[in-house]
file input_22.cif (mmCIF, C-alpha atoms)
data_model
loop_
_atom_site.group_PDB
_atom_site.id
_atom_site.type_symbol
_atom_site.label_atom_id
_atom_site.label_comp_id
_atom_site.auth_asym_id
_atom_site.auth_seq_id
_atom_site.Cartn_x
_atom_site.Cartn_y
_atom_site.Cartn_z
ATOM 1 C CA HIS C 108 -19.325 -23.550 19.565
ATOM 2 C CA VAL C 109 -19.619 -20.730 22.053
ATOM 3 C CA SER C 110 -16.532 -21.935 23.968
ATOM 4 C CA GLY C 111 -14.311 -22.132 20.858
ATOM 5 C CA PRO C 112 -12.637 -18.737 21.360
ATOM 6 C CA GLN C 113 -11.993 -19.458 25.037
ATOM 7 C CA GLY C 114 -10.458 -22.844 24.198
ATOM 8 C CA ILE C 115 -8.009 -21.208 21.792
ATOM 9 C CA ARG C 116 -7.147 -18.469 24.279
ATOM 10 C CA ARG C 117 -6.600 -20.995 27.066
ATOM 11 C CA ILE C 118 -4.215 -23.221 25.113
ATOM 12 C CA SER C 119 -2.230 -20.201 23.919
ATOM 13 C CA ALA C 120 -0.550 -20.245 27.343
ATOM 14 C CA LEU C 121 1.542 -23.143 25.962
ATOM 15 C CA TYR C 122 3.265 -20.954 23.409
ATOM 16 C CA THR C 123 6.015 -18.347 23.445
ATOM 17 C CA PRO C 124 5.892 -15.526 20.866
ATOM 18 C CA TYR C 125 9.127 -16.812 19.260
ATOM 19 C CA ASN C 126 9.372 -19.246 16.360
ATOM 20 C CA TYR C 127 12.750 -20.858 15.819
ATOM 21 C CA GLU C 128 12.321 -21.838 12.155
ATOM 22 C CA MET C 129 11.023 -18.428 11.075
ATOM 23 C CA GLY C 130 13.364 -16.483 13.340
ATOM 24 C CA VAL C 131 10.386 -14.326 14.302
ATOM 25 C CA ASP C 132 9.361 -12.984 17.711
ATOM 26 C CA LEU C 133 5.820 -11.653 17.438
ATOM 27 C CA ARG C 134 6.266 -9.439 20.515
ATOM 28 C CA GLU C 135 8.913 -7.418 18.690
ATOM 29 C CA GLN C 136 6.825 -6.947 15.558
ATOM 30 C CA MET C 137 3.321 -6.011 16.657
ATOM 31 C CA THR C 138 1.000 -4.891 19.394
ATOM 32 C CA LEU C 139 -1.446 -7.724 19.912
ATOM 33 C CA CYS C 140 -4.727 -7.005 21.684
ATOM 34 C CA ASP C 141 -7.465 -9.428 22.698
ATOM 35 C CA ALA C 142 -10.574 -7.337 22.146
ATOM 36 C CA GLY C 143 -12.752 -9.911 23.921
ATOM 37 C CA ASP C 144 -15.871 -11.679 22.722
ATOM 38 C CA VAL C 145 -18.489 -10.151 20.466
ATOM 39 C CA PHE C 146 -21.830 -10.190 22.251
ATOM 40 C CA THR C 147 -24.007 -12.504 20.172
ATOM 41 C CA ILE C 148 -27.578 -13.702 20.555
ATOM 42 C CA PRO C 149 -27.599 -17.403 19.595
ATOM 43 C CA ALA C 150 -31.355 -17.395 18.988
ATOM 44 C CA ASN C 151 -31.116 -14.413 16.615
ATOM 45 C CA LEU C 152 -28.635 -15.000 13.813
ATOM 46 C CA GLU C 153 -29.305 -11.753 11.958
ATOM 47 C CA LYS C 154 -28.854 -9.564 15.040
ATOM 48 C CA SER C 155 -25.703 -11.537 15.902
ATOM 49 C CA PHE C 156 -24.421 -10.919 12.364
ATOM 50 C CA ASP C 157 -24.880 -7.156 12.858
ATOM 51 C CA GLN C 158 -22.933 -7.348 16.118
ATOM 52 C CA ILE C 159 -20.103 -9.279 14.433
ATOM 53 C CA SER C 160 -19.953 -6.927 11.426
ATOM 54 C CA ASN C 161 -19.837 -3.930 13.785
ATOM 55 C CA ALA C 162 -16.994 -5.432 15.821
ATOM 56 C CA VAL C 163 -14.905 -6.352 12.769
ATOM 57 C CA ALA C 164 -15.557 -3.004 11.048
ATOM 58 C CA HIS C 165 -14.625 -1.112 14.214
ATOM 59 C CA VAL C 166 -11.313 -2.987 14.530
ATOM 60 C CA ALA C 167 -10.532 -2.848 10.800
ATOM 61 C CA ALA C 168 -11.308 0.901 10.548
ATOM 62 C CA SER C 169 -8.452 1.559 12.990
ATOM 63 C CA GLY C 170 -5.983 -0.036 10.556
ATOM 64 C CA SER C 171 -5.537 -3.063 12.818
ATOM 65 C CA LEU C 172 -5.604 -6.597 11.422
ATOM 66 C CA PRO C 173 -8.759 -8.355 12.648
ATOM 67 C CA ILE C 174 -8.293 -11.992 13.703
ATOM 68 C CA ILE C 175 -11.562 -13.699 14.548
ATOM 69 C CA LEU C 176 -11.759 -16.858 16.667
ATOM 70 C CA GLY C 177 -14.877 -18.935 16.103
ATOM 71 C CA GLY C 178 -17.297 -21.196 16.597
ATOM 72 C CA ASP C 179 -19.782 -21.461 13.797
ATOM 73 C CA HIS C 180 -18.771 -20.770 10.176
ATOM 74 C CA SER C 181 -21.889 -18.677 9.599
ATOM 75 C CA ILE C 182 -19.717 -15.808 10.908
ATOM 76 C CA GLY C 183 -17.822 -15.800 7.574
ATOM 77 C CA PHE C 184 -20.477 -13.539 6.067
ATOM 78 C CA PRO C 185 -20.635 -10.877 8.814
ATOM 79 C CA THR C 186 -16.842 -10.811 9.271
ATOM 80 C CA VAL C 187 -16.242 -10.158 5.578
ATOM 81 C CA ARG C 188 -19.160 -7.697 5.484
ATOM 82 C CA GLY C 189 -17.639 -5.718 8.352
ATOM 83 C CA LEU C 190 -14.252 -5.591 6.658
ATOM 84 C CA ALA C 191 -15.710 -4.749 3.238
ATOM 85 C CA SER C 192 -17.709 -1.872 4.755
ATOM 86 C CA VAL C 193 -14.606 0.168 5.649
ATOM 87 C CA THR C 194 -12.962 -0.035 2.226
ATOM 88 C CA SER C 195 -13.892 0.925 -1.328
ATOM 89 C CA LYS C 196 -11.321 -1.613 -2.561
ATOM 90 C CA LYS C 197 -11.923 -5.183 -3.672
ATOM 91 C CA ILE C 198 -11.341 -8.194 -1.416
ATOM 92 C CA GLY C 199 -10.538 -11.785 -2.411
ATOM 93 C CA ILE C 200 -11.184 -14.737 -0.099
ATOM 94 C CA ILE C 201 -9.168 -17.909 0.428
ATOM 95 C CA HIS C 202 -11.374 -20.414 2.208
ATOM 96 C CA VAL C 203 -9.902 -23.688 3.518
ATOM 97 C CA ASP C 204 -12.596 -26.220 4.379
ATOM 98 C CA ARG C 205 -14.052 -29.651 3.593
ATOM 99 C CA HIS C 206 -17.421 -27.992 2.926
ATOM 100 C CA ALA C 207 -18.411 -25.428 0.289
ATOM 101 C CA ASP C 208 -20.627 -23.227 2.527
ATOM 102 C CA ILE C 209 -22.190 -21.374 -0.414
ATOM 103 C CA GLN C 210 -25.888 -22.262 -0.516
ATOM 104 C CA GLU C 211 -28.401 -19.462 0.046
ATOM 105 C CA LYS C 212 -30.283 -20.790 3.073
ATOM 106 C CA ASP C 213 -30.248 -23.774 5.394
ATOM 107 C CA LEU C 214 -33.466 -24.528 7.296
ATOM 108 C CA ASP C 215 -34.591 -21.042 6.180
ATOM 109 C CA GLU C 216 -31.653 -19.392 7.963
ATOM 110 C CA ARG C 217 -28.246 -18.038 6.921
ATOM 111 C CA MET C 218 -26.462 -20.829 8.750
ATOM 112 C CA HIS C 219 -22.929 -22.256 8.612
ATOM 113 C CA THR C 220 -23.546 -23.713 5.136
ATOM 114 C CA THR C 221 -24.270 -20.267 3.637
ATOM 115 C CA PRO C 222 -21.615 -17.583 4.365
ATOM 116 C CA TRP C 223 -20.020 -17.316 0.928
ATOM 117 C CA PHE C 224 -23.329 -17.012 -0.921
ATOM 118 C CA HIS C 225 -23.980 -13.797 0.984
ATOM 119 C CA ALA C 226 -20.384 -12.553 1.226
ATOM 120 C CA THR C 227 -19.961 -12.738 -2.556
ATOM 121 C CA ASN C 228 -23.151 -10.668 -2.978
ATOM 122 C CA LEU C 229 -21.312 -7.717 -1.420
ATOM 123 C CA PRO C 230 -20.396 -5.077 -4.030
ATOM 124 C CA ASN C 231 -16.621 -5.309 -3.461
ATOM 125 C CA VAL C 232 -16.341 -9.098 -2.946
ATOM 126 C CA ASP C 233 -16.555 -11.079 -6.197
ATOM 127 C CA ALA C 234 -17.226 -14.819 -6.349
ATOM 128 C CA VAL C 235 -14.508 -15.219 -9.014
ATOM 129 C CA ASN C 236 -12.009 -14.187 -6.308
ATOM 130 C CA LEU C 237 -13.282 -16.828 -3.858
ATOM 131 C CA VAL C 238 -10.901 -19.797 -3.709
ATOM 132 C CA GLN C 239 -12.021 -22.858 -1.753
ATOM 133 C CA ILE C 240 -9.396 -25.449 -0.830
ATOM 134 C CA GLY C 241 -9.956 -28.975 0.538
ATOM 135 C CA ILE C 242 -13.591 -29.348 -0.536
ATOM 136 C CA GLY C 243 -14.997 -32.872 -0.710
ATOM 137 C CA GLY C 244 -16.413 -35.864 1.108
ATOM 138 C CA TRP C 245 -20.016 -36.639 1.965
ATOM 139 C CA GLN C 246 -21.052 -33.374 3.625
ATOM 140 C CA VAL C 247 -21.150 -30.941 0.685
ATOM 141 C CA PRO C 248 -24.866 -30.205 0.163
ATOM 142 C CA ARG C 249 -26.014 -30.370 -3.439
ATOM 143 C CA PRO C 250 -27.603 -26.872 -3.364
ATOM 144 C CA ALA C 251 -24.041 -25.534 -2.955
ATOM 145 C CA VAL C 252 -22.969 -27.059 -6.267
ATOM 146 C CA GLU C 253 -25.327 -24.933 -8.389
ATOM 147 C CA GLN C 254 -23.917 -21.814 -6.748
ATOM 148 C CA ILE C 255 -20.319 -22.923 -7.318
ATOM 149 C CA VAL C 256 -21.076 -23.366 -11.022
ATOM 150 C CA ALA C 257 -23.256 -20.256 -11.408
ATOM 151 C CA ARG C 258 -20.854 -17.945 -9.569
ATOM 152 C CA ARG C 259 -17.663 -19.447 -11.010
ATOM 153 C CA THR C 260 -15.890 -19.854 -7.680
ATOM 154 C CA ASN C 261 -12.615 -21.760 -7.620
ATOM 155 C CA ILE C 262 -12.564 -25.200 -6.002
ATOM 156 C CA PHE C 263 -9.580 -27.340 -5.097
ATOM 157 C CA THR C 264 -10.729 -30.751 -3.889
ATOM 158 C CA MET C 265 -8.545 -32.936 -1.698
ATOM 159 C CA ASP C 266 -7.712 -34.927 -4.847
ATOM 160 C CA ASP C 267 -6.485 -31.693 -6.468
ATOM 161 C CA VAL C 268 -4.350 -30.968 -3.414
ATOM 162 C CA GLU C 269 -2.944 -34.495 -3.530
ATOM 163 C CA GLU C 270 -2.212 -34.305 -7.243
ATOM 164 C CA LEU C 271 -0.847 -30.745 -7.472
ATOM 165 C CA GLY C 272 0.862 -30.449 -4.083
ATOM 166 C CA ILE C 273 0.574 -27.662 -1.533
ATOM 167 C CA ASP C 274 3.013 -25.282 -3.255
ATOM 168 C CA LYS C 275 1.151 -25.335 -6.567
ATOM 169 C CA VAL C 276 -2.286 -25.085 -4.935
ATOM 170 C CA ALA C 277 -1.137 -22.043 -2.913
ATOM 171 C CA GLU C 278 0.345 -20.426 -6.036
ATOM 172 C CA MET C 279 -2.862 -20.949 -8.058
ATOM 173 C CA ALA C 280 -5.090 -19.893 -5.152
ATOM 174 C CA LEU C 281 -3.151 -16.665 -4.624
ATOM 175 C CA ALA C 282 -3.228 -15.855 -8.345
ATOM 176 C CA GLN C 283 -7.019 -16.143 -8.426
ATOM 177 C CA ALA C 284 -7.792 -14.499 -5.068
ATOM 178 C CA TRP C 285 -5.535 -11.520 -5.878
ATOM 179 C CA LYS C 286 -6.729 -11.162 -9.499
ATOM 180 C CA GLY C 287 -8.074 -7.604 -9.726
ATOM 181 C CA THR C 288 -8.341 -7.289 -5.938
ATOM 182 C CA ASP C 289 -6.496 -5.134 -3.408
ATOM 183 C CA ALA C 290 -6.437 -7.484 -0.403
ATOM 184 C CA VAL C 291 -7.166 -11.076 0.595
ATOM 185 C CA TYR C 292 -9.064 -12.473 3.588
ATOM 186 C CA LEU C 293 -8.342 -15.962 4.948
ATOM 187 C CA SER C 294 -11.181 -18.076 6.327
ATOM 188 C CA TYR C 295 -9.851 -21.283 7.853
ATOM 189 C CA ASP C 296 -12.246 -24.008 8.944
ATOM 190 C CA ILE C 297 -10.536 -26.387 11.355
ATOM 191 C CA ASP C 298 -12.495 -29.326 9.904
ATOM 192 C CA SER C 299 -10.402 -29.043 6.718
ATOM 193 C CA LEU C 300 -7.875 -31.152 8.605
ATOM 194 C CA GLU C 301 -8.045 -34.932 8.713
ATOM 195 C CA ALA C 302 -10.699 -35.706 11.347
ATOM 196 C CA ALA C 303 -8.259 -37.742 13.459
ATOM 197 C CA PHE C 304 -6.247 -34.574 14.245
ATOM 198 C CA VAL C 305 -9.197 -32.310 15.073
ATOM 199 C CA PRO C 306 -11.802 -34.215 17.120
ATOM 200 C CA GLY C 307 -13.070 -30.915 18.560
ATOM 201 C CA THR C 308 -15.261 -29.883 15.646
ATOM 202 C CA GLY C 309 -18.933 -30.328 14.815
ATOM 203 C CA TRP C 310 -18.561 -31.636 11.243
ATOM 204 C CA PRO C 311 -15.572 -34.023 11.177
ATOM 205 C CA GLU C 312 -14.767 -35.399 7.713
ATOM 206 C CA PRO C 313 -12.034 -38.036 7.208
ATOM 207 C CA GLY C 314 -9.581 -37.552 4.367
ATOM 208 C CA GLY C 315 -8.634 -33.919 4.927
ATOM 209 C CA LEU C 316 -5.313 -32.099 5.182
ATOM 210 C CA LEU C 317 -2.510 -33.283 7.426
ATOM 211 C CA PRO C 318 -1.271 -30.747 9.996
ATOM 212 C CA ARG C 319 2.023 -30.098 8.186
ATOM 213 C CA GLU C 320 0.168 -29.548 4.907
ATOM 214 C CA ALA C 321 -2.268 -27.167 6.580
ATOM 215 C CA LEU C 322 0.498 -25.116 8.189
ATOM 216 C CA LYS C 323 2.489 -24.950 4.970
ATOM 217 C CA LEU C 324 -0.593 -23.799 3.059
ATOM 218 C CA VAL C 325 -1.374 -21.086 5.619
ATOM 219 C CA GLY C 326 2.237 -19.866 5.605
ATOM 220 C CA LEU C 327 2.304 -19.633 1.806
ATOM 221 C CA VAL C 328 -1.036 -17.813 1.610
ATOM 222 C CA ALA C 329 -0.185 -15.375 4.425
ATOM 223 C CA LYS C 330 3.225 -14.413 3.049
ATOM 224 C CA GLU C 331 1.515 -12.291 0.387
ATOM 225 C CA GLY C 332 -0.346 -10.413 3.135
ATOM 226 C CA LEU C 333 -3.853 -10.641 4.596
ATOM 227 C CA CYS C 334 -6.412 -7.962 5.472
ATOM 228 C CA GLY C 335 -7.966 -10.228 8.111
ATOM 229 C CA MET C 336 -8.443 -13.867 9.029
ATOM 230 C CA GLU C 337 -10.776 -16.142 10.921
ATOM 231 C CA ILE C 338 -10.424 -19.620 12.355
ATOM 232 C CA VAL C 339 -13.766 -21.361 12.822
ATOM 233 C CA GLU C 340 -15.645 -24.500 13.869
ATOM 234 C CA VAL C 341 -13.556 -25.149 16.989
ATOM 235 C CA SER C 342 -15.766 -26.940 19.531
ATOM 236 C CA PRO C 343 -13.897 -27.706 22.790
ATOM 237 C CA PRO C 344 -16.629 -29.969 24.268
ATOM 238 C CA TYR C 345 -15.830 -32.521 21.541
ATOM 239 C CA ASP C 346 -12.077 -32.050 21.867
ATOM 240 C CA VAL C 347 -9.406 -34.375 23.265
ATOM 241 C CA SER C 348 -6.590 -32.800 25.308
ATOM 242 C CA ASP C 349 -7.256 -29.424 23.610
ATOM 243 C CA ILE C 350 -5.474 -30.608 20.447
ATOM 244 C CA THR C 351 -8.043 -28.952 18.154
ATOM 245 C CA SER C 352 -7.740 -25.623 19.971
ATOM 246 C CA LEU C 353 -3.950 -25.940 19.762
ATOM 247 C CA MET C 354 -4.106 -26.545 16.016
ATOM 248 C CA ALA C 355 -6.347 -23.485 15.605
ATOM 249 C CA LEU C 356 -3.890 -21.395 17.605
ATOM 250 C CA ARG C 357 -1.006 -22.692 15.507
ATOM 251 C CA ILE C 358 -2.745 -21.660 12.279
ATOM 252 C CA ILE C 359 -3.170 -18.106 13.599
ATOM 253 C CA VAL C 360 0.392 -17.650 14.828
ATOM 254 C CA ASP C 361 1.869 -19.259 11.702
ATOM 255 C CA ALA C 362 -0.114 -16.815 9.544
ATOM 256 C CA LEU C 363 1.118 -13.887 11.658
ATOM 257 C CA GLY C 364 4.693 -15.208 11.621
ATOM 258 C CA SER C 365 4.654 -15.604 7.853
ATOM 259 C CA MET C 366 3.367 -12.051 7.352
ATOM 260 C CA VAL C 367 6.068 -10.695 9.651
ATOM 261 C CA ALA C 368 8.828 -12.749 7.996
ATOM 262 C CA HIS C 369 7.829 -11.435 4.555
ATOM 263 C CA GLY C 370 7.278 -7.819 5.588
ATOM 264 C CA LYS C 371 3.532 -7.931 4.927
ATOM 265 C CA LEU C 372 2.075 -7.245 8.363
ATOM 266 C CA GLY C 373 0.089 -4.017 8.093
ATOM 267 C CA ALA C 374 0.544 -3.873 4.315
ATOM 268 C CA HIS C 375 -3.244 -3.899 3.889
ATOM 269 C CA LYS C 376 -3.729 -0.572 5.696
ATOM 270 C CA HIS C 377 -3.924 1.473 2.494
ATOM 271 C CA ILE C 378 -7.245 -0.181 1.574
ATOM 272 C CA ILE C 379 -8.989 1.151 4.712
ATOM 273 C CA ASP C 380 -10.493 4.342 3.296
ATOM 274 C CA LYS C 381 -14.010 4.536 4.747
ATOM 275 C CA PRO C 382 -15.145 5.312 8.310
ATOM 276 C CA PHE C 383 -16.904 2.813 10.545
ATOM 277 C CA VAL C 384 -20.675 3.156 10.231
ATOM 278 C CA PRO C 385 -22.664 0.787 12.486
ATOM 279 C CA PHE C 386 -24.969 -1.785 10.910
#
call {"tool": "encode", "arguments": {"input": "input_22.cif", "output": "structure tokens"}}
result
Amino acid sequence: HVSGPQGIRRISALYTPYNYEMGVDLREQMTLCDAGDVFTIPANLEKSFDQISNAVAHVAASGSLPIILGGDHSIGFPTVRGLASVTSKKIGIIHVDRHADIQEKDLDERMHTTPWFHATNLPNVDAVNLVQIGIGGWQVPRPAVEQIVARRTNIFTMDDVEELGIDKVAEMALAQAWKGTDAVYLSYDIDSLEAAFVPGTGWPEPGGLLPREALKLVGLVAKEGLCGMEIVEVSPPYDVSDITSLMALRIIVDALGSMVAHGKLGAHKHIIDKPFVPF
């Protein structure tokens, strides 16, 4: 939703930059800049995608870590495309979601069910390095399944998470996302959480992750370093007391805190080896 980024910004006033358990103060470890909203044209997805890719590429080319606050998950393709355009290196993706988002088209458009089909067509983003965690329920379109099989992506269902535990899932996900790659991007869909905890999303699906599981997973993934991350599908008009926006904020700051605590913030800079060229 268009007001997703603003909802996350607004609720961030609740937080200090210090985390007691991690012993991390983000103010001391980084310069954080809100670069504002990307100007999108809701009626023109493809033009909006170019705008988003340009914004992400511009930020990434400077060596900064792009963090994208969203709305619709269709942005997964242009965000990764922007990042991939300023490096010759290979990028893996860890995608946390209830939905697979890997069919080619939806209603003849590259909508929120399609980003990973197009992202894994990029020359330096391989489908075998796409790891999708939390997939399941009654909202995974069947056209996605053929792509999952054909492209050999890596799926952890909620049953897998339940059976293996968060630590093992994170370990296996990292092994696959980092296999032959030089950096990893995190795409976190807020609807991967149990619907009761995140009412402010457009595609709620009961049976997802619990907040503590989600935060643990994000911390474990981020401690190996990220080249960028996005949090998507936050829709404040559906929200209750801003709890969905707060959860989205928490995922971002926990990822940053984990990178700082493990000395990985900025570790991706060596992969940025191409100049920004507008789309």
call {"tool": "residues_around", "arguments": {"input": "input_22.cif", "residues": "Thr227 of chain C", "least_positions_apart": "2", "cutoff": "12 Å", "atoms": "all atoms listed in the file", "output": "ChimeraX atom specification"}}
result
/C:183-185,187-188,191,197-200,208-211,221-225,229-238,254-255,258-260
call {"tool": "atom_distance", "arguments": {"input": "input_22.cif", "atom1": "atom CA of Met129 of chain C", "atom2": "atom CA of Ala277 of chain C"}}
result
18.9 Å
call {"tool": "resolve_selection", "arguments": {"input": "input_22.cif", "expression": "the PyMOL selection byres ((chain C and resi 169) around 10)", "output": "ChimeraX atom specification"}}
result
/C:164-168,170-173,193,376,379,382-383
call {"tool": "write_last_selection", "arguments": {"input": "input_22.cif", "atoms": "C-alpha atoms", "output": "CSV table (one decimal), in the coordinates of the input"}}
result
chain,number,residue,atom,x,y,z
C,164,ALA,CA,-15.6,-3.0,11.0
C,165,HIS,CA,-14.6,-1.1,14.2
C,166,VAL,CA,-11.3,-3.0,14.5
C,167,ALA,CA,-10.5,-2.8,10.8
C,168,ALA,CA,-11.3,0.9,10.5
C,170,GLY,CA,-6.0,0.0,10.6
C,171,SER,CA,-5.5,-3.1,12.8
C,172,LEU,CA,-5.6,-6.6,11.4
C,173,PRO,CA,-8.8,-8.4,12.6
C,193,VAL,CA,-14.6,0.2,5.6
C,376,LYS,CA,-3.7,-0.6,5.7
C,379,ILE,CA,-9.0,1.2,4.7
C,382,PRO,CA,-15.1,5.3,8.3
C,383,PHE,CA,-16.9,2.8,10.5
call {"tool": "residues_near_point", "arguments": {"input": "input_22.cif", "point": "(-5.2, -11.6, -3.4)", "cutoff": "12 Å", "atoms": "all atoms listed in the file", "output": "PyMOL selection string"}}
result
chain C and resi 196-201+232-233+235-238+277-293+328-335+375
call {"tool": "resolve_selection", "arguments": {"input": "input_22.cif", "expression": "the PyMOL selection byres ((chain C and resi 218) around 9)", "output": "VMD selection string"}}
result
chain C and resid 152 179 to 182 208 212 to 217 219 to 222
call {"tool": "atom_distance", "arguments": {"input": "input_22.cif", "atom1": "atom CA of Pro318 of chain C", "atom2": "atom CA of Gln136 of chain C"}}
result
25.7 Å
call {"tool": "atom_distance", "arguments": {"input": "input_22.cif", "atom1": "atom CA of Ser192 of chain C", "atom2": "atom CA of Ala142 of chain C"}}
result
19.6 Å
call {"tool": "resolve_selection", "arguments": {"input": "input_22.cif", "expression": "the PyMOL selection byres ((chain C and resi 137) around 10)", "output": "list of chain:residue names"}}
result
C:Asp132, C:Leu133, C:Arg134, C:Glu135, C:Gln136, C:Thr138, C:Leu139, C:Cys140, C:Leu363, C:Val367, C:Leu372, C:Gly373
call {"tool": "axis_aligned_box", "arguments": {"input": "input_22.cif", "around": "segment 320-324 of chain C", "padding_each_side": "3 Å", "output": "AutoDock Vina command-line options"}}
result
--center_x 0.1 --center_y -26.7 --center_z 5.6 --size_x 10.8 --size_y 11.7 --size_z 11.1
call {"tool": "residues_near_point", "arguments": {"input": "input_22.cif", "point": "(-1.5, -20.5, 9.0)", "cutoff": "6 Å", "atoms": "all atoms listed in the file", "output": "PyMOL selection string"}}
result
chain C and resi 322+325-326+358-359+361-362
call {"tool": "residues_around", "arguments": {"input": "input_22.cif", "residues": "His202 of chain C", "least_positions_apart": "2", "cutoff": "6 Å", "atoms": "all atoms listed in the file", "output": "CSV table (one decimal) with C-alpha atoms, keeping the file's coordinate frame"}}
result
chain,number,residue,atom,x,y,z
C,238,VAL,CA,-10.9,-19.8,-3.7
C,239,GLN,CA,-12.0,-22.9,-1.8
C,294,SER,CA,-11.2,-18.1,6.3
C,295,TYR,CA,-9.9,-21.3,7.9
call {"tool": "closest_residue", "arguments": {"input": "input_22.cif", "among": "C:Asp298, C:Glu320, C:Glu270, C:Glu312", "to": "Ser352 of chain C", "atoms": "all atoms listed in the file"}}
result
C:Asp298
call {"tool": "residues_around", "arguments": {"input": "input_22.cif", "residues": "Gln158 of chain C", "least_positions_apart": "2", "cutoff": "12 Å", "atoms": "all atoms listed in the file", "output": "PyMOL selection string"}}
result
chain C and resi 144-149+151-156+160-165+182+185-186+188-189+385-386
call {"tool": "residues_around", "arguments": {"input": "input_22.cif", "residues": "segment 117-123 of chain C", "least_positions_apart": "4", "cutoff": "7 Å", "atoms": "all atoms listed in the file", "output": "list of chain:residue names"}}
result
C:Gln113, C:Ser352, C:Leu353, C:Leu356
call {"tool": "closest_residue", "arguments": {"input": "input_22.cif", "among": "C:Ile297, C:Val256, C:Ile273, C:Val305", "to": "Asp349 of chain C", "atoms": "all atoms listed in the file"}}
result
C:Val305
call {"tool": "closest_residue", "arguments": {"input": "input_22.cif", "among": "C:Ser348, C:Asn126, C:Asn228, C:Ser299", "to": "Ser365 of chain C", "atoms": "only C-alpha atoms"}}
result
C:Asn126
